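**Student:** Enclosed is the structure file structure32.cif (mmCIF, C-alpha atoms and all ligand atoms).
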```cif
data_model
#
loop_
_atom_site.group_PDB
_atom_site.id
_atom_site.type_symbol
_atom_site.label_atom_id
_atom_site.label_comp_id
_atom_site.auth_asym_id
_atom_site.auth_seq_id
_atom_site.Cartn_x
_atom_site.Cartn_y
_atom_site.Cartn_z
ATOM 1 C CA MET A 1 -7.192 -11.372 -22.851
ATOM 2 C CA ASP A 2 -7.392 -9.551 -19.499
ATOM 3 C CA ILE A 3 -10.621 -10.116 -17.611
ATOM 4 C CA VAL A 4 -11.426 -7.303 -15.224
ATOM 5 C CA PHE A 5 -14.220 -6.560 -12.778
ATOM 6 C CA PHE A 6 -16.308 -3.511 -13.577
ATOM 7 C CA ASN A 7 -19.514 -2.457 -11.839
ATOM 8 C CA GLY A 8 -20.608 -5.948 -10.844
ATOM 9 C CA GLU A 9 -19.479 -7.830 -13.949
ATOM 10 C CA PHE A 10 -16.398 -9.734 -15.065
ATOM 11 C CA LEU A 11 -15.609 -8.721 -18.627
ATOM 12 C CA PRO A 12 -12.733 -8.210 -21.088
ATOM 13 C CA LYS A 13 -10.849 -5.030 -20.235
ATOM 14 C CA GLU A 14 -11.600 -3.598 -23.716
ATOM 15 C CA LYS A 15 -15.314 -3.605 -22.908
ATOM 16 C CA VAL A 16 -14.937 -1.229 -19.936
ATOM 17 C CA SER A 17 -16.008 2.343 -20.411
ATOM 18 C CA VAL A 18 -16.015 4.902 -17.631
ATOM 19 C CA SER A 19 -18.231 7.963 -17.694
ATOM 20 C CA PRO A 20 -16.425 11.299 -18.110
ATOM 21 C CA ASP A 21 -18.610 12.453 -15.202
ATOM 22 C CA ASP A 22 -17.088 9.854 -12.921
ATOM 23 C CA ARG A 23 -15.928 11.551 -9.742
ATOM 24 C CA GLY A 24 -12.835 9.374 -9.743
ATOM 25 C CA PHE A 25 -11.908 10.980 -13.073
ATOM 26 C CA LEU A 26 -12.940 14.534 -12.129
ATOM 27 C CA PHE A 27 -11.898 14.719 -8.463
ATOM 28 C CA ALA A 28 -9.856 11.566 -7.677
ATOM 29 C CA ASP A 29 -12.852 10.891 -5.403
ATOM 30 C CA GLY A 30 -12.262 7.246 -4.598
ATOM 31 C CA VAL A 31 -10.232 4.654 -2.752
ATOM 32 C CA TYR A 32 -8.222 1.571 -3.678
ATOM 33 C CA GLU A 33 -6.524 -1.552 -2.373
ATOM 34 C CA VAL A 34 -3.674 -3.745 -3.581
ATOM 35 C CA VAL A 35 -3.567 -7.337 -2.298
ATOM 36 C CA ARG A 36 -0.836 -9.861 -3.012
ATOM 37 C CA TRP A 37 -1.527 -13.393 -4.212
ATOM 38 C CA TYR A 38 1.251 -15.837 -3.330
ATOM 39 C CA SER A 39 0.721 -18.453 -6.072
ATOM 40 C CA GLY A 40 -2.175 -20.052 -4.208
ATOM 41 C CA PHE A 41 -3.358 -17.759 -1.427
ATOM 42 C CA PHE A 42 -3.883 -14.109 -0.556
ATOM 43 C CA PHE A 43 -1.773 -12.580 2.188
ATOM 44 C CA ASP A 44 -3.868 -11.003 4.960
ATOM 45 C CA MET A 45 -6.987 -10.511 2.854
ATOM 46 C CA GLU A 46 -8.829 -9.703 6.080
ATOM 47 C CA GLY A 47 -6.472 -6.766 6.751
ATOM 48 C CA HIS A 48 -6.920 -5.402 3.222
ATOM 49 C CA HIS A 49 -10.680 -5.922 3.332
ATOM 50 C CA SER A 50 -11.095 -4.045 6.595
ATOM 51 C CA ARG A 51 -8.834 -1.213 5.413
ATOM 52 C CA LEU A 52 -10.966 -0.919 2.246
ATOM 53 C CA LYS A 53 -14.099 -0.677 4.390
ATOM 54 C CA ARG A 54 -12.478 1.955 6.587
ATOM 55 C CA SER A 55 -11.314 4.062 3.605
ATOM 56 C CA LEU A 56 -14.831 3.916 2.099
ATOM 57 C CA SER A 57 -16.432 4.878 5.367
ATOM 58 C CA GLU A 58 -14.028 7.808 5.919
ATOM 59 C CA LEU A 59 -15.072 9.188 2.513
ATOM 60 C CA ARG A 60 -18.741 8.239 3.040
ATOM 61 C CA ILE A 61 -18.820 6.121 -0.125
ATOM 62 C CA LYS A 62 -21.363 3.339 0.171
ATOM 63 C CA TRP A 63 -20.597 0.216 -1.841
ATOM 64 C CA ASN A 64 -23.311 -2.282 -1.024
ATOM 65 C CA ASP A 65 -21.281 -5.271 -2.223
ATOM 66 C CA VAL A 66 -18.201 -4.527 -0.139
ATOM 67 C CA GLU A 67 -18.496 -7.917 1.599
ATOM 68 C CA SER A 68 -17.903 -9.645 -1.734
ATOM 69 C CA PHE A 69 -14.450 -8.068 -2.188
ATOM 70 C CA PRO A 70 -12.488 -11.248 -1.254
ATOM 71 C CA ASP A 71 -14.617 -13.348 -3.651
ATOM 72 C CA ILE A 72 -14.176 -10.831 -6.476
ATOM 73 C CA ALA A 73 -10.410 -10.842 -5.916
ATOM 74 C CA SER A 74 -10.307 -14.673 -6.015
ATOM 75 C CA GLU A 75 -12.411 -14.714 -9.161
ATOM 76 C CA LEU A 76 -10.040 -12.234 -10.865
ATOM 77 C CA ILE A 77 -7.142 -14.569 -10.093
ATOM 78 C CA ARG A 78 -9.037 -17.589 -11.447
ATOM 79 C CA LEU A 79 -10.394 -15.933 -14.593
ATOM 80 C CA ASN A 80 -6.946 -14.642 -15.532
ATOM 81 C CA SER A 81 -5.292 -18.060 -14.993
ATOM 82 C CA LEU A 82 -3.049 -16.709 -12.241
ATOM 83 C CA VAL A 83 -3.778 -19.336 -9.571
ATOM 84 C CA GLU A 84 -0.252 -20.732 -9.655
ATOM 85 C CA LYS A 85 1.568 -17.458 -10.270
ATOM 86 C CA PRO A 86 2.650 -14.576 -8.040
ATOM 87 C CA ALA A 87 0.075 -11.853 -8.630
ATOM 88 C CA LEU A 88 -1.444 -8.624 -7.361
ATOM 89 C CA VAL A 89 -5.098 -7.671 -7.320
ATOM 90 C CA TYR A 90 -5.809 -3.963 -7.680
ATOM 91 C CA PHE A 91 -9.275 -2.749 -6.769
ATOM 92 C CA GLN A 92 -10.790 0.714 -6.679
ATOM 93 C CA VAL A 93 -14.144 2.219 -5.790
ATOM 94 C CA THR A 94 -15.078 5.762 -6.748
ATOM 95 C CA ARG A 95 -18.104 7.766 -5.652
ATOM 96 C CA GLY A 96 -19.629 7.234 -9.107
ATOM 97 C CA ALA A 97 -20.753 9.408 -12.018
ATOM 98 C CA ALA A 98 -22.679 12.615 -11.370
ATOM 99 C CA PRO A 99 -22.720 16.154 -12.833
ATOM 100 C CA ARG A 100 -19.637 17.972 -11.555
ATOM 101 C CA THR A 101 -20.182 19.762 -8.290
ATOM 102 C CA HIS A 102 -18.056 19.926 -5.164
ATOM 103 C CA THR A 103 -20.843 18.580 -2.957
ATOM 104 C CA PHE A 104 -21.363 14.823 -2.859
ATOM 105 C CA PRO A 105 -24.248 13.734 -5.151
ATOM 106 C CA SER A 106 -27.559 13.736 -3.301
ATOM 107 C CA PRO A 107 -29.164 11.278 -3.346
ATOM 108 C CA PRO A 108 -25.962 9.209 -3.682
ATOM 109 C CA VAL A 109 -25.275 7.530 -7.040
ATOM 110 C CA ASN A 110 -23.957 4.002 -7.496
ATOM 111 C CA PRO A 111 -20.206 3.865 -6.909
ATOM 112 C CA THR A 112 -17.973 2.795 -9.786
ATOM 113 C CA THR A 113 -15.991 -0.353 -9.037
ATOM 114 C CA TYR A 114 -13.025 -1.563 -11.026
ATOM 115 C CA GLY A 115 -10.550 -4.347 -10.328
ATOM 116 C CA PHE A 116 -7.854 -6.229 -12.171
ATOM 117 C CA ALA A 117 -5.254 -8.897 -11.452
ATOM 118 C CA LYS A 118 -1.775 -9.059 -12.897
ATOM 119 C CA THR A 119 1.206 -11.306 -12.459
ATOM 120 C CA PHE A 120 4.525 -9.780 -11.500
ATOM 121 C CA ILE A 121 8.085 -10.828 -10.871
ATOM 122 C CA PRO A 122 8.948 -10.071 -7.256
ATOM 123 C CA GLU A 123 11.870 -7.647 -7.347
ATOM 124 C CA SER A 124 15.039 -9.217 -5.941
ATOM 125 C CA ALA A 125 18.050 -6.915 -6.561
ATOM 126 C CA GLY A 126 16.814 -4.199 -4.188
ATOM 127 C CA LYS A 127 15.991 -6.814 -1.563
ATOM 128 C CA GLU A 128 19.450 -8.346 -1.700
ATOM 129 C CA ASN A 129 21.556 -5.195 -1.883
ATOM 130 C CA GLY A 130 19.272 -2.523 -0.472
ATOM 131 C CA ILE A 131 18.228 0.768 -2.022
ATOM 132 C CA SER A 132 19.026 4.401 -1.493
ATOM 133 C CA VAL A 133 16.094 6.707 -0.761
ATOM 134 C CA MET A 134 15.549 10.389 -1.446
ATOM 135 C CA LEU A 135 14.319 12.506 1.473
ATOM 136 C CA LYS A 136 11.754 15.176 0.706
ATOM 137 C CA ASN A 137 9.330 17.485 2.436
ATOM 138 C CA ASP A 138 5.926 15.756 2.788
ATOM 139 C CA ILE A 139 3.817 17.778 0.362
ATOM 140 C CA ARG A 140 0.763 15.497 0.737
ATOM 141 C CA TRP A 141 -2.552 16.211 2.464
ATOM 142 C CA ALA A 142 -3.338 15.540 6.124
ATOM 143 C CA ARG A 143 -5.460 12.388 5.581
ATOM 144 C CA CYS A 144 -2.783 9.984 4.384
ATOM 145 C CA ASP A 145 -4.528 7.286 6.474
ATOM 146 C CA ILE A 146 -7.190 7.025 3.748
ATOM 147 C CA LYS A 147 -6.049 4.872 0.826
ATOM 148 C CA SER A 148 -7.285 7.421 -1.669
ATOM 149 C CA ILE A 149 -6.642 7.269 -5.414
ATOM 150 C CA ALA A 150 -5.443 10.911 -5.237
ATOM 151 C CA LEU A 151 -1.752 10.076 -5.543
ATOM 152 C CA LEU A 152 -0.265 12.970 -7.502
ATOM 153 C CA PRO A 153 2.250 14.040 -4.811
ATOM 154 C CA ASN A 154 3.244 10.382 -4.408
ATOM 155 C CA THR A 155 3.788 9.837 -8.125
ATOM 156 C CA MET A 156 5.567 13.195 -8.611
ATOM 157 C CA CYS A 157 7.969 12.517 -5.765
ATOM 158 C CA PHE A 158 8.580 8.883 -6.718
ATOM 159 C CA GLU A 159 9.281 9.973 -10.284
ATOM 160 C CA GLU A 160 11.796 12.538 -9.001
ATOM 161 C CA ALA A 161 13.418 9.918 -6.748
ATOM 162 C CA THR A 162 13.823 7.318 -9.508
ATOM 163 C CA SER A 163 15.054 9.910 -12.019
ATOM 164 C CA LYS A 164 17.827 10.694 -9.518
ATOM 165 C CA GLY A 165 18.704 7.010 -9.085
ATOM 166 C CA HIS A 166 16.888 6.361 -5.773
ATOM 167 C CA GLY A 167 14.568 3.457 -5.052
ATOM 168 C CA GLU A 168 11.951 5.391 -3.056
ATOM 169 C CA CYS A 169 11.058 8.889 -1.863
ATOM 170 C CA ILE A 170 10.715 9.199 1.909
ATOM 171 C CA PHE A 171 8.649 12.072 3.276
ATOM 172 C CA ILE A 172 9.519 14.362 6.178
ATOM 173 C CA ARG A 173 6.842 16.395 7.970
ATOM 174 C CA ASN A 174 7.942 18.985 10.540
ATOM 175 C CA GLY A 175 11.314 17.273 10.793
ATOM 176 C CA TYR A 176 9.847 13.793 11.388
ATOM 177 C CA ILE A 177 10.005 10.929 8.902
ATOM 178 C CA THR A 178 6.483 9.820 7.989
ATOM 179 C CA GLU A 179 6.560 7.164 5.223
ATOM 180 C CA GLY A 180 7.450 6.586 1.591
ATOM 181 C CA SER A 181 5.582 7.483 -1.603
ATOM 182 C CA HIS A 182 4.216 3.916 -1.657
ATOM 183 C CA SER A 183 5.695 2.268 1.427
ATOM 184 C CA ASN A 184 6.118 2.562 5.180
ATOM 185 C CA ILE A 185 9.561 2.917 6.695
ATOM 186 C CA PHE A 186 11.238 1.340 9.728
ATOM 187 C CA PHE A 187 14.513 2.213 11.465
ATOM 188 C CA VAL A 188 16.733 0.451 13.971
ATOM 189 C CA THR A 189 18.270 2.758 16.574
ATOM 190 C CA GLY A 190 19.948 1.406 19.705
ATOM 191 C CA GLY A 191 18.647 -2.093 18.872
ATOM 192 C CA ILE A 192 15.027 -0.862 18.899
ATOM 193 C CA LEU A 193 12.816 -1.029 15.815
ATOM 194 C CA ARG A 194 11.013 2.278 15.267
ATOM 195 C CA THR A 195 8.336 3.438 12.872
ATOM 196 C CA HIS A 196 5.892 6.345 12.685
ATOM 197 C CA PRO A 197 2.772 5.668 14.787
ATOM 198 C CA GLU A 198 -0.583 5.208 13.054
ATOM 199 C CA SER A 199 -1.941 8.687 12.427
ATOM 200 C CA GLU A 200 -3.399 10.864 9.687
ATOM 201 C CA HIS A 201 0.139 11.349 8.331
ATOM 202 C CA ILE A 202 0.716 7.751 7.221
ATOM 203 C CA LEU A 203 -1.143 4.893 5.604
ATOM 204 C CA SER A 204 -1.560 2.053 8.051
ATOM 205 C CA GLY A 205 0.242 -0.516 5.909
ATOM 206 C CA ILE A 206 -0.786 -4.154 6.067
ATOM 207 C CA THR A 207 2.877 -5.109 5.671
ATOM 208 C CA ARG A 208 3.791 -2.613 8.433
ATOM 209 C CA LYS A 209 1.323 -4.259 10.815
ATOM 210 C CA ASN A 210 2.668 -7.748 10.054
ATOM 211 C CA VAL A 211 6.292 -6.578 10.289
ATOM 212 C CA ILE A 212 5.580 -5.277 13.795
ATOM 213 C CA LYS A 213 4.172 -8.739 14.600
ATOM 214 C CA ALA A 214 7.208 -10.454 13.071
ATOM 215 C CA ALA A 215 9.702 -8.258 14.938
ATOM 216 C CA SER A 216 7.920 -8.793 18.250
ATOM 217 C CA ALA A 217 7.907 -12.544 17.616
ATOM 218 C CA CYS A 218 11.700 -12.319 17.143
ATOM 219 C CA GLY A 219 11.998 -10.651 20.552
ATOM 220 C CA ILE A 220 12.881 -7.260 19.046
ATOM 221 C CA LYS A 221 11.551 -4.239 20.926
ATOM 222 C CA VAL A 222 9.271 -2.151 18.697
ATOM 223 C CA GLU A 223 8.398 1.498 19.287
ATOM 224 C CA GLU A 224 5.755 3.257 17.218
ATOM 225 C CA ARG A 225 7.482 6.613 17.608
ATOM 226 C CA ALA A 226 8.517 8.834 14.711
ATOM 227 C CA VAL A 227 12.192 9.269 13.902
ATOM 228 C CA HIS A 228 13.439 12.848 13.529
ATOM 229 C CA GLU A 229 15.692 13.611 10.577
ATOM 230 C CA ASP A 230 18.424 14.624 13.045
ATOM 231 C CA GLU A 231 18.356 11.059 14.439
ATOM 232 C CA LEU A 232 19.188 9.480 11.073
ATOM 233 C CA LYS A 233 22.897 9.520 11.924
ATOM 234 C CA GLU A 234 22.156 7.128 14.813
ATOM 235 C CA VAL A 235 20.262 4.689 12.602
ATOM 236 C CA THR A 236 22.033 1.351 12.214
ATOM 237 C CA GLU A 237 19.479 -0.254 9.863
ATOM 238 C CA ALA A 238 16.438 0.850 7.890
ATOM 239 C CA PHE A 239 13.928 -0.776 5.573
ATOM 240 C CA ILE A 240 10.734 0.016 3.719
ATOM 241 C CA THR A 241 7.651 -2.194 3.566
ATOM 242 C CA ASN A 242 4.791 -2.653 1.135
ATOM 243 C CA THR A 243 2.528 -5.302 -0.323
ATOM 244 C CA SER A 244 4.404 -5.897 -3.548
ATOM 245 C CA ALA A 245 8.006 -5.923 -2.228
ATOM 246 C CA GLU A 246 7.450 -7.009 1.418
ATOM 247 C CA ILE A 247 10.674 -5.699 3.031
ATOM 248 C CA THR A 248 13.387 -3.788 1.178
ATOM 249 C CA PRO A 249 16.542 -2.718 3.044
ATOM 250 C CA VAL A 250 17.460 0.973 2.848
ATOM 251 C CA THR A 251 21.222 1.414 2.641
ATOM 252 C CA ALA A 252 21.480 5.180 2.049
ATOM 253 C CA PHE A 253 19.537 8.356 2.772
ATOM 254 C CA GLY A 254 20.349 10.689 -0.092
ATOM 255 C CA GLY A 255 24.119 10.425 -0.396
ATOM 256 C CA THR A 256 24.663 9.293 3.215
ATOM 257 C CA PRO A 257 24.995 5.594 4.099
ATOM 258 C CA ALA A 258 22.376 4.189 6.468
ATOM 259 C CA GLY A 259 24.334 2.458 9.229
ATOM 260 C CA ASN A 260 27.233 0.656 7.563
ATOM 261 C CA GLY A 261 25.564 0.994 4.169
ATOM 262 C CA LYS A 262 24.611 -2.705 3.957
ATOM 263 C CA PRO A 263 21.352 -4.581 4.658
ATOM 264 C CA GLY A 264 21.396 -5.241 8.392
ATOM 265 C CA PRO A 265 21.007 -8.439 10.455
ATOM 266 C CA LEU A 266 17.729 -7.446 12.162
ATOM 267 C CA THR A 267 16.230 -6.618 8.772
ATOM 268 C CA LYS A 268 17.070 -10.144 7.587
ATOM 269 C CA LEU A 269 15.780 -11.738 10.769
ATOM 270 C CA ILE A 270 12.491 -9.840 10.562
ATOM 271 C CA HIS A 271 12.106 -10.653 6.872
ATOM 272 C CA ASN A 272 12.548 -14.376 7.551
ATOM 273 C CA LYS A 273 9.895 -14.250 10.285
ATOM 274 C CA PHE A 274 7.637 -12.196 8.011
ATOM 275 C CA ARG A 275 7.920 -14.932 5.364
ATOM 276 C CA GLU A 276 6.796 -17.481 7.964
ATOM 277 C CA ILE A 277 3.769 -15.311 8.697
ATOM 278 C CA VAL A 278 3.027 -15.105 4.959
ATOM 279 C CA LEU A 279 3.181 -18.893 4.633
ATOM 280 C CA SER A 280 0.810 -19.300 7.565
ATOM 281 C CA TYR A 281 -1.921 -17.952 5.244
ATOM 282 C CA ALA A 282 -1.480 -20.842 2.765
ATOM 283 C CA GLY A 283 -4.744 -22.717 2.361
ATOM 284 C CA LYS A 284 -6.770 -20.184 4.385
ATOM 285 C CA ASN A 285 -8.261 -18.161 1.535
ATOM 286 C CA SER A 286 -7.340 -19.792 -1.762
HETATM 287 N N1 LIG A 301 1.052 1.207 -1.709
HETATM 288 N N2 LIG A 301 2.167 4.007 2.409
HETATM 289 C C1 LIG A 301 1.724 4.371 1.192
HETATM 290 C C2 LIG A 301 1.604 5.826 0.866
HETATM 291 C C3 LIG A 301 1.393 3.383 0.250
HETATM 292 O O1 LIG A 301 0.915 3.738 -0.950
HETATM 293 C C4 LIG A 301 1.561 2.011 0.576
HETATM 294 C C5 LIG A 301 1.221 0.900 -0.370
HETATM 295 C C6 LIG A 301 2.041 1.694 1.866
HETATM 296 C C7 LIG A 301 2.226 0.266 2.316
HETATM 297 O O2 LIG A 301 0.977 -0.346 2.546
HETATM 298 P P1 LIG A 301 0.801 -1.937 2.380
HETATM 299 O O3 LIG A 301 1.824 -2.558 3.225
HETATM 300 O O4 LIG A 301 -0.583 -2.173 2.871
HETATM 301 O O5 LIG A 301 1.001 -2.263 0.930
HETATM 302 C C8 LIG A 301 2.325 2.720 2.752
HETATM 303 C C9 LIG A 301 0.604 0.230 -2.654
HETATM 304 C C10 LIG A 301 1.402 -1.012 -2.700
HETATM 305 C C11 LIG A 301 0.431 0.878 -4.011
HETATM 306 O O6 LIG A 301 0.045 2.033 -4.055
HETATM 307 O O7 LIG A 301 0.633 0.223 -5.035
#
```
If you convert what's in this file into structure tokens, what do you get?

**Tutor:**
Amino acid sequence: MDIVFFNGEFLPKEKVSVSPDDRGFLFADGVYEVVRWYSGFFFDMEGHHSRLKRSLSELRIKWNDVESFPDIASELIRLNSLVEKPALVYFQVTRGAAPRTHTFPSPPVNPTTYGFAKTFIPESAGKENGISVMLKNDIRWARCDIKSIALLPNTMCFEEATSKGHGECIFIRNGYITEGSHSNIFFVTGGILRTHPESEHILSGITRKNVIKAASACGIKVEERAVHEDELKEVTEAFITNTSAEITPVTAFGGTPAGNGKPGPLTKLIHNKFREIVLSYAGKNS
């Protein structure tokens, strides 16, 4: 039986009922986080916690218990007997239930909070062999820095990418590569690791931040400078990053090979260093 967190309580998932007036349901008016549990500890819980607080504050949603997020996540792992398994905790906060109107409810209503934990099998084929990605115009809004639950363009584009045999959809805005439908993207050009700078056009990924740390620790020069689609022919390596898959090599853009079409040596080096960083969290927040 799945035990979930809902509005301050841990309860069987079947017992949850959400109001049809919930603004998450009516307007996708809410934010979320996904944190990875490495069979005994969370990876960079602090990073996820502060991003959750930032997303809430950008949308002016006040969740009084936000400081208890790490404890709730740990409790979800424990109550679902996942302590020794690889798992993900998903958590979302919406503005709450109020009669439908475009203005925010005044006075504010209690936010709706919902979280669950699930085990998963870390994907390995894509990591070993790399994936091809589809390139597509970035049809999303201009506040991609907020981890909002409004993900329709992301799901539509990812669905299109997978139906065409690609492993991710990568967005292009005004000629520049921004990020993926659920990942950030890095490129190696001229031995330099490049990724889009933090801005309103990308989500500031927790994996992205730690990959930058890992690359720097390996002595690789990192530039937070967007890559133009015309520069893709100069790319020798590319990879995407996210919480669930860590680092996945990209071996083709559409039908064109990325570099020599194989996972590259810097990608492997960075991934090994990233793994060391992950392991440094063991025992810190279990
Ligand atoms: N998505 N960019 C977007 C649009 C994302 O949705 C994600 C993560 C990332 C990578 O962020 P992080 O490294 O913090 O996971 C970048 C999560 C995994 C999801 O929606 O399930």

**Student:** What's the 9 Å shell around range 64-67 of chain A, counting all atoms listed in the file, without same-chain residues fewer than 2 positions away, as number ranges by chain?

**Tutor:** A: 8, 49, 52-53, 62, 69-71

**Student:** Take the point (10.6, 22.8, 2.2) in the file's coordinates, draw a sphere of radius 12 Å around it, and report as a list in words every protein, DNA or RNA residue with an atom inside or on it, counting only C-alpha atoms.

**Tutor:**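 Counting only C-alpha atoms, I find these residues within 12 Å of (10.6, 22.8, 2.2): Leu135, Lys136, Asn137, Asp138, Ile139, Phe171, Ile172, Arg173, Asn174 and Gly175 of chain A.
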
**Student:** Once 8 Å is added on each side, what are the centre and the three edge lengths, in Å to one decimal, of the axis-aligned box enclosing the listed atoms of range 9-16 of chain A? Present them as lines of an AutoDock Vina configuration file.

**Tutor:**
```
center_x = -15.2
center_y = -5.5
center_z = -18.8
size_x = 24.6
size_y = 24.5
size_z = 25.8
```

**Student:** Do you know which residues are within 8 Å of ligand LIG 301 (chain A) using only C-alpha atoms and all ligand atoms? Can you write them as a list in words?

**Tutor:**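 Result of the 8 Å neighbour search around ligand LIG 301 (chain A): Glu33, Val34, Val35, His48, Cys144, Lys147, Asn154, Glu179, Gly180, Ser181, His182, Ser183, Asn184, Ile202, Leu203, Ser204, Gly205, Ile206, Thr207, Arg208, Lys209, Thr241, Asn242, Thr243, Ser244 and Glu246 of chain A.
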
**Student:** So that I have them on file, write out the residues from the current selection with C-alpha atoms, as a PDB file, in the coordinates of the input.

**Tutor:**
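Everything below was put into part.pdb:
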```pdb
ATOM      1  CA  GLU A  33      -6.524  -1.552  -2.373  1.00  0.00           C
ATOM      2  CA  VAL A  34      -3.674  -3.745  -3.581  1.00  0.00           C
ATOM      3  CA  VAL A  35      -3.567  -7.337  -2.298  1.00  0.00           C
ATOM      4  CA  HIS A  48      -6.920  -5.402   3.222  1.00  0.00           C
ATOM      5  CA  CYS A 144      -2.783   9.984   4.384  1.00  0.00           C
ATOM      6  CA  LYS A 147      -6.049   4.872   0.826  1.00  0.00           C
ATOM      7  CA  ASN A 154       3.244  10.382  -4.408  1.00  0.00           C
ATOM      8  CA  GLU A 179       6.560   7.164   5.223  1.00  0.00           C
ATOM      9  CA  GLY A 180       7.450   6.586   1.591  1.00  0.00           C
ATOM     10  CA  SER A 181       5.582   7.483  -1.603  1.00  0.00           C
ATOM     11  CA  HIS A 182       4.216   3.916  -1.657  1.00  0.00           C
ATOM     12  CA  SER A 183       5.695   2.268   1.427  1.00  0.00           C
ATOM     13  CA  ASN A 184       6.118   2.562   5.180  1.00  0.00           C
ATOM     14  CA  ILE A 202       0.716   7.751   7.221  1.00  0.00           C
ATOM     15  CA  LEU A 203      -1.143   4.893   5.604  1.00  0.00           C
ATOM     16  CA  SER A 204      -1.560   2.053   8.051  1.00  0.00           C
ATOM     17  CA  GLY A 205       0.242  -0.516   5.909  1.00  0.00           C
ATOM     18  CA  ILE A 206      -0.786  -4.154   6.067  1.00  0.00           C
ATOM     19  CA  THR A 207       2.877  -5.109   5.671  1.00  0.00           C
ATOM     20  CA  ARG A 208       3.791  -2.613   8.433  1.00  0.00           C
ATOM     21  CA  LYS A 209       1.323  -4.259  10.815  1.00  0.00           C
ATOM     22  CA  THR A 241       7.651  -2.194   3.566  1.00  0.00           C
ATOM     23  CA  ASN A 242       4.791  -2.653   1.135  1.00  0.00           C
ATOM     24  CA  THR A 243       2.528  -5.302  -0.323  1.00  0.00           C
ATOM     25  CA  SER A 244       4.404  -5.897  -3.548  1.00  0.00           C
ATOM     26  CA  GLU A 246       7.450  -7.009   1.418  1.00  0.00           C
TER      27      GLU A 246
END
```

**Student:** Please report the interatomic distance between CA of Arg100 in chain A and CA of Met156 in chain A in Å with one decimal.

**Tutor:**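 One can read the CA of Arg100 in chain A to CA of Met156 in chain A distance as 25.8 Å.
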
**Student:** Just to confirm, what's the straight-line distance from CA of Phe25 in chain A to CA of Ser163 in chain A in Å (one decimal)?

**Tutor:**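 According to the coordinates, CA of Phe25 in chain A and CA of Ser163 in chain A are separated by 27.0 Å.
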
**Student:** Considering only C-alpha atoms, return as a compact mmCIF listing (two decimals) with C-alpha atoms, in the coordinates of the input whatever protein or nucleic-acid residues lie within 8 Å of range 106-122 of chain A, sequence-local ones (same chain, fewer than 3 positions apart) excluded.

**Tutor:**
```
# COMPACT_ATOMS: atom_id res chain seq x y z
CA ILE A 3 -10.62 -10.12 -17.61
CA VAL A 4 -11.43 -7.30 -15.22
CA PHE A 5 -14.22 -6.56 -12.78
CA PHE A 6 -16.31 -3.51 -13.58
CA ASN A 7 -19.51 -2.46 -11.84
CA GLY A 8 -20.61 -5.95 -10.84
CA ASP A 22 -17.09 9.85 -12.92
CA ILE A 61 -18.82 6.12 -0.12
CA LYS A 62 -21.36 3.34 0.17
CA TRP A 63 -20.60 0.22 -1.84
CA ALA A 73 -10.41 -10.84 -5.92
CA LEU A 76 -10.04 -12.23 -10.86
CA ILE A 77 -7.14 -14.57 -10.09
CA ASN A 80 -6.95 -14.64 -15.53
CA LEU A 82 -3.05 -16.71 -12.24
CA LYS A 85 1.57 -17.46 -10.27
CA PRO A 86 2.65 -14.58 -8.04
CA ALA A 87 0.08 -11.85 -8.63
CA LEU A 88 -1.44 -8.62 -7.36
CA VAL A 89 -5.10 -7.67 -7.32
CA TYR A 90 -5.81 -3.96 -7.68
CA PHE A 91 -9.28 -2.75 -6.77
CA GLN A 92 -10.79 0.71 -6.68
CA VAL A 93 -14.14 2.22 -5.79
CA THR A 94 -15.08 5.76 -6.75
CA ARG A 95 -18.10 7.77 -5.65
CA GLY A 96 -19.63 7.23 -9.11
CA ALA A 97 -20.75 9.41 -12.02
CA ALA A 98 -22.68 12.62 -11.37
CA SER A 244 4.40 -5.90 -3.55
CA ALA A 245 8.01 -5.92 -2.23
```

**Student:** Could you check how far CA of Lys13 in chain A sits from CA of Tyr32 in chain A, in Å to one decimal?

**Tutor:**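 According to the coordinates, CA of Lys13 in chain A and CA of Tyr32 in chain A are separated by 18.0 Å.
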
**Student:** Within 10 Å of Ala282 in chain A, counting only C-alpha atoms, which residues show up once you throw out same-chain ones fewer than 2 positions away? Write them as a JSON list (two decimals) with C-alpha atoms, in the coordinates of the input, please.

**Tutor:**
```json
[["chain", "number", "residue", "atom", "x", "y", "z"],
["A", 38, "TYR", "CA", 1.25, -15.84, -3.33],
["A", 39, "SER", "CA", 0.72, -18.45, -6.07],
["A", 40, "GLY", "CA", -2.17, -20.05, -4.21],
["A", 41, "PHE", "CA", -3.36, -17.76, -1.43],
["A", 42, "PHE", "CA", -3.88, -14.11, -0.56],
["A", 43, "PHE", "CA", -1.77, -12.58, 2.19],
["A", 277, "ILE", "CA", 3.77, -15.31, 8.70],
["A", 278, "VAL", "CA", 3.03, -15.10, 4.96],
["A", 279, "LEU", "CA", 3.18, -18.89, 4.63],
["A", 280, "SER", "CA", 0.81, -19.30, 7.56],
["A", 284, "LYS", "CA", -6.77, -20.18, 4.38],
["A", 285, "ASN", "CA", -8.26, -18.16, 1.54],
["A", 286, "SER", "CA", -7.34, -19.79, -1.76]]
```

**Student:** Select, from A:Gly47, A:Ile72, A:Thr103, A:Leu79, the residue with the minimum atom-to-atom distance to Asp2 in chain A, counting all atoms listed in the file.

**Tutor:** A:Leu79

**Student:** Got a sec: who's within 8 Å of Ser55 in chain A, counting all atoms listed in the file, leaving out chain neighbours fewer than 6 positions off, as an MDAnalysis selection string?

**Tutor:** chainID A and resid 31 146:148

**Student:** Those selected residues, please, written with C-alpha atoms and delivered as an mmCIF file, keeping the file's coordinate frame.

**Tutor:**
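To be explicit, this is the file written out as result28.cif:
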```cif
data_model
loop_
_atom_site.group_PDB
_atom_site.id
_atom_site.type_symbol
_atom_site.label_atom_id
_atom_site.label_comp_id
_atom_site.auth_asym_id
_atom_site.auth_seq_id
_atom_site.Cartn_x
_atom_site.Cartn_y
_atom_site.Cartn_z
ATOM 1 C CA VAL A 31 -10.232 4.654 -2.752
ATOM 2 C CA ILE A 146 -7.190 7.025 3.748
ATOM 3 C CA LYS A 147 -6.049 4.872 0.826
ATOM 4 C CA SER A 148 -7.285 7.421 -1.669
#
```
